[in-house]
There are 2 protein chains.
Amino acid sequence: MSDLPKSVYLNEEGPREGFQIEAATIPTARKIELVNRLAQTGLRHIQVASFVNPRAVPGMADADAVVQGFQPVPDVHFTALWLNERGFQRALAHADRLTLNGSLNLYASDAFLMRNQNRVPEQQRAAQHELIAMYQQAGVKVKRGFITAAFGCNFEGDIPVRRVVQHVGDLLAIADEHGETIDHMGLGDTMAWATPESIKRVVGGIREAHPDLELLLHLHDTRGLGIANAYAGLEMGVRMFDTAVAGLGGCPFAGHSGAAGNVCTEDLVFMCEEMGIETGVDLDALIDCAVLAESIVGHALPGSVLRGGGLRKYRQQQ
Amino acid sequence: MSDLPKSVYLNEEGPREGFQIEAATIPTARKIELVNRLAQTGLRHIQVASFVNPRAVPGMADADAVVQGFQPVPDVHFTALWLNERGFQRALAHADRLTLNGSLNLYASDAFLMRNQNRVPEQQRAAQHELIAMYQQAGVKVKRGFITAAFGCNFEGDIPVRRVVQHVGDLLAIADEHGETIDHMGLGDTMAWATPESIKRVVGGIREAHPDLELLLHLHDTRGLGIANAYAGLEMGVRMFDTAVAGLGGCPFAGHSGAAGNVCTEDLVFMCEEMGIETGVDLDALIDCAVLAESIVGHALPGSVLRGGGLRKYRQQQ
């Protein structure tokens with residue numbers, strides 16, 4: 001009936017997504033505490049900070065201190081985000097502690113590209129060539145491609161599947177031109193327009209053109225469909241997801257106040273494990289992290305399983 | 001790829017589910033206000049109250065006044081819940097204003113049946129015969145069958161599919177014995193154990209045995225899978241859902257404090273309409289009702305679209 005994967009790869013973005021939208025009042029030690037706890041749950045990829053302008057994003061002013069402060073764990077990759085060369089150079093300074101993955105990015109929405117980056121599509125493509133040159137100079141491999149607003153856009157409306165497929169092909173070609181290979185292609189539902197059916201259409205369209213390309217879904221839960229969209233991805237065999245513990249975070253630039261965060265890590269782990277899909281994550285330990293995340297930000301977060309709990313305790317009673 | 005229905009039938013239970021768990025401090029006039037507003041959205045079935053013991057459920061002490069107070073609307077069915085003969089007799093007194101549908105109910109979990117009703121399965125089956133006699137004496141047709149805890153139980157653990165299929169068959173047979181026909185069979189994920197895959201297994205198992213039986217899903221969102229489970233139901237062709245505006249309510253008897261309410265009406269309407277499935281509901285009018293529901297209960301409710309908004313305004317800008 002479906003093509004569910006045997007296991008999934010979760011890229012935990014909670015610390016970065018979460019703390020970037022909070023006021024700069026969270027003590028650095030508490031951010032480090034969350035990262036350290038997450039690294040004990042079985043999660044293997046944790047994005048700990050973004051190297052951005054602290055005047056634009058005050059909550060990330062302590063990014064260097066967070067990166068210097070966490071306790072490395074074997075087999076756990078700690079990563080960071082950057083948006084320009086300056087940020088990349090800051091990340092490079094922590095090459096001993098961070099896994100540095102080169103990332104390329106096109107926008108499925110020209111209107112959102114202009115609004116967010118002040119660029120037209122040709123400029124964005126040119127910028128990807130420059131990014132690769134920068135990565136190659138630093139000895140950093142390109143790992144991820146990413147298509148922003150792949151499922152719809154507040155400033156451009158519905159996005160045709162063929163345009164997303166075109167952008168995916170463009171990004172693969174740009175990498176190829178420089179002898180780089182994109183390991184996986186992320187599809188961003190940046191403004192929460194996706195439905196399970198549009199996930200299937202877009203993933204299906206890309207699969208037809210690029211059958212062997214590994215896809216990743218970056219889903220926002222603004223309209224409550226995040227987990228259903230993840231399920232549709234699983235049905236299509238997608239096995240990579242960006243997630244955020246407790247549903248931390250959200251995109252403050254996407255033009256609507258209700259921007260909920262990424263799909264919640266423990267809710268997705270719960271669904272996967274209950275359906276027999278391995279996550280490698282200890283759900284109860286992860287729920288403890290979600291509770292910790294709420295105590296750190298000082299307000300309720302959108303996750304459900306952190307309140308509803310898992311089912312292990314009920315099964316153990318039988 | 002899937003067997004999505006062309007349209008869905010939503011049974012709005014928000015007023016009943018929501019106000020039964022709130023303290024008895026909400027003015028009756030405000031409950032009536034919500035019912036009247038919901039009746040203007042395109043919803044055609046609205047459960048307005050439950051006739052239960054006001055000492056056990058203080059929030060429903062004004063059930064008679066709520067039923068007497070709403071403004072009837074042509075083609076909108078206003079319904080009520082009762083749990084025993086005394087409650088049914090109270091509902092009967094409002095036969096001019098309420099659509100009275102007889103309902104039968106078995107439990108897929110013996111342990112929960114004992115805990116909730118203090119009955120063994122034979123007693124519960126006997127009670128269904130008595131219920132039918134009561135309905136027939138009052139000239140009320142049996143409409144709904146319902147299987148409680150069809151996907152798992154905090155007190156019994158996982159529930160085998162064959163047991164649910166057996167209970168469905170038993171309930172159909174009980175109705176048939178008295179010349180009654182069950183219009184649709186509800187499957188309750190009473191304690192939020194279901195996943196999209198278990199929805200498919202249970203629905204598929206019942207379909208095999210009873211291909212023409214209309215199924216309804218009553219989903220709780222305690223662990224964040226409500227909408228994903230509804231999507232799995234849609235994929236199986238299920239077209240009837242119990243829902244609650246804003247995610248009002250929850251089951252106070254199910255043994256865990258995180259009991260979130262039914263799947264949220266406007267979130268499900270949003271998903272359906274975006275996937276081309278007709279709901280008959282005006283999403284923006286429904287979102288206004290969800291905002292009203294929050295102001296009435298005086299605290300945040302779990303719905304997402306009520307904060308994230310629909311997409312109509314973005315499409316109109318194009």
# chains A, B, ... in the order shown; residues from 1 in each chain; ligands from 1
>>> closest_atom_pairs(of="chain A", to="chain B", cutoff="9 Å", atoms="only C-alpha atoms", output="CSV")
residue,atom,partner,partner_atom,distance
A:Met1,CA,B:Met1,CA,8.7
A:Ser2,CA,B:Met1,CA,8.9
A:Cys153,CA,B:Tyr314,CA,8.1
A:Asn154,CA,B:Tyr314,CA,5.4
A:Phe155,CA,B:Tyr314,CA,6.9
A:Glu156,CA,B:Gln318,CA,6.5
A:Gly157,CA,B:Arg315,CA,5.4
A:Asp158,CA,B:Arg315,CA,7.8
A:Ala192,CA,B:Gly308,CA,8.8
A:Trp193,CA,B:Leu311,CA,7.7
A:Ala194,CA,B:Glu274,CA,8.7
A:Thr195,CA,B:Met271,CA,6.4
A:Pro196,CA,B:Tyr231,CA,7.7
A:Glu197,CA,B:Met275,CA,6.4
A:Ser198,CA,B:Met275,CA,7.9
A:Asp221,CA,B:Ser304,CA,7.9
A:Thr222,CA,B:Gly308,CA,5.3
A:Arg223,CA,B:Val305,CA,4.6
A:Gly224,CA,B:Ser304,CA,5.0
A:Leu225,CA,B:Ile227,CA,6.7
A:Gly226,CA,B:Ala228,CA,8.6
A:Ile227,CA,B:Ala228,CA,6.1
A:Ala228,CA,B:Ala228,CA,3.9
A:Asn229,CA,B:Ala228,CA,7.6
A:Ala230,CA,B:Ala228,CA,8.6
A:Tyr231,CA,B:Ala228,CA,6.8
A:Ala232,CA,B:Ala228,CA,8.6
A:His256,CA,B:Gly308,CA,7.5
A:Ser257,CA,B:Gly308,CA,7.5
A:Gly258,CA,B:Gly308,CA,4.6
A:Ala259,CA,B:Gly308,CA,6.7
A:Ala260,CA,B:Gly308,CA,7.9
A:Asp267,CA,B:Gly224,CA,6.3
A:Leu268,CA,B:Gly224,CA,8.8
A:Phe270,CA,B:Arg223,CA,8.1
A:Met271,CA,B:Thr195,CA,6.4
A:Cys272,CA,B:Thr195,CA,8.9
A:Glu274,CA,B:Thr195,CA,7.0
A:Met275,CA,B:Glu197,CA,6.4
A:Pro302,CA,B:Pro302,CA,8.6
A:Gly303,CA,B:Gly224,CA,7.3
A:Ser304,CA,B:Arg223,CA,5.0
A:Val305,CA,B:Arg223,CA,4.6
A:Leu306,CA,B:Arg223,CA,8.2
A:Arg307,CA,B:Gly258,CA,5.3
A:Gly308,CA,B:Gly258,CA,4.6
A:Gly309,CA,B:Arg223,CA,7.2
A:Gly310,CA,B:Arg223,CA,8.0
A:Leu311,CA,B:Trp193,CA,7.7
A:Lys313,CA,B:Asn154,CA,8.8
A:Tyr314,CA,B:Asn154,CA,5.4
A:Arg315,CA,B:Gly157,CA,5.4
A:Gln316,CA,B:Gly157,CA,8.8
A:Gln317,CA,B:Phe155,CA,7.9
A:Gln318,CA,B:Glu156,CA,6.5
>>> select_by_dssp(residues="region 77-160 of chain B", states="alpha helix (DSSP H)", output="JSON, numbers by chain")
{"B": [85, 86, 87, 88, 89, 90, 91, 92, 110, 111, 112, 113, 114, 115, 116, 117, 121, 122, 123, 124, 125, 126, 127, 128, 129, 130, 131, 132, 133, 134, 135, 136, 137, 138]}
>>> select_by_dssp(residues="region 139-297 of chain A", states="strand (DSSP E or B)", output="count of residues only")
29
>>> residues_around(residues="Cys289 (chain A)", least_positions_apart="3", cutoff="8 Å", atoms="only C-alpha atoms", output="CSV table (one decimal) with N, CA and C atoms, in the first residue's frame")
chain,number,residue,atom,x,y,z
A,34,LEU,N,20.8,22.1,26.6
A,34,LEU,CA,19.9,21.4,25.7
A,34,LEU,C,20.7,20.7,24.6
A,37,ARG,N,22.1,17.5,26.1
A,37,ARG,CA,21.0,16.5,26.4
A,37,ARG,C,20.5,15.9,25.1
A,38,LEU,N,20.4,16.7,24.1
A,38,LEU,CA,19.9,16.1,22.8
A,38,LEU,C,20.9,15.1,22.3
A,245,VAL,N,13.1,19.8,18.2
A,245,VAL,CA,12.5,19.3,19.5
A,245,VAL,C,11.5,20.2,20.0
A,285,ALA,N,13.8,9.8,26.4
A,285,ALA,CA,14.9,10.8,26.6
A,285,ALA,C,14.6,12.0,25.8
A,286,LEU,N,14.1,11.9,24.6
A,286,LEU,CA,13.8,13.0,23.8
A,286,LEU,C,12.7,13.9,24.4
A,292,LEU,N,12.6,20.1,28.8
A,292,LEU,CA,13.7,21.0,29.1
A,292,LEU,C,13.6,22.3,28.2
A,293,ALA,N,13.4,22.0,26.9
A,293,ALA,CA,13.3,23.2,26.0
A,293,ALA,C,12.2,24.2,26.4
>>> atom_distance(atom1="CA of Ile296 (chain A)", atom2="CA of Ile32 (chain A)")
10.8 Å
>>> residues_around(residues="Leu216 (chain B)", least_positions_apart="6", cutoff="8 Å", atoms="only C-alpha atoms", output="PyMOL selection string")
chain B and resi 184-187+238-242
>>> write_last_selection(atoms="N, CA and C atoms", output="short mmCIF file (atom, residue, chain, number, x, y, z; two decimals), in the first residue's frame")
data_model
loop_
_atom_site.label_atom_id
_atom_site.label_comp_id
_atom_site.auth_asym_id
_atom_site.auth_seq_id
_atom_site.Cartn_x
_atom_site.Cartn_y
_atom_site.Cartn_z
N HIS B 184 -23.75 4.30 9.97
CA HIS B 184 -22.29 4.38 9.90
C HIS B 184 -21.68 3.88 11.20
N MET B 185 -20.47 3.36 11.07
CA MET B 185 -19.78 2.77 12.22
C MET B 185 -18.60 3.66 12.58
N GLY B 186 -18.64 4.22 13.78
CA GLY B 186 -17.55 5.07 14.25
C GLY B 186 -16.46 4.23 14.90
N LEU B 187 -15.23 4.63 14.65
CA LEU B 187 -14.07 3.98 15.26
C LEU B 187 -13.38 5.03 16.13
N VAL B 238 -12.35 6.90 3.69
CA VAL B 238 -13.25 7.28 4.79
C VAL B 238 -13.70 8.72 4.56
N ARG B 239 -15.01 8.97 4.75
CA ARG B 239 -15.48 10.33 4.48
C ARG B 239 -16.33 10.92 5.62
N MET B 240 -16.29 10.28 6.78
CA MET B 240 -17.01 10.83 7.93
C MET B 240 -16.04 10.98 9.11
N PHE B 241 -16.08 12.14 9.71
CA PHE B 241 -15.17 12.44 10.83
C PHE B 241 -15.91 13.21 11.91
N ASP B 242 -15.67 12.82 13.16
CA ASP B 242 -16.03 13.68 14.28
C ASP B 242 -14.90 14.70 14.44
#
>>> residues_around(residues="His178 (chain B)", least_positions_apart="4", cutoff="10 Å", atoms="only C-alpha atoms", output="JSON, numbers by chain")
{"B": [129, 132, 133, 136, 173, 174]}
>>> atom_distance(atom1="CA of Lys143 (chain B)", atom2="CA of Val67 (chain B)")
20.6 Å
>>> atom_distance(atom1="CA of Gly59 (chain B)", atom2="CA of Pro15 (chain B)")
10.8 Å
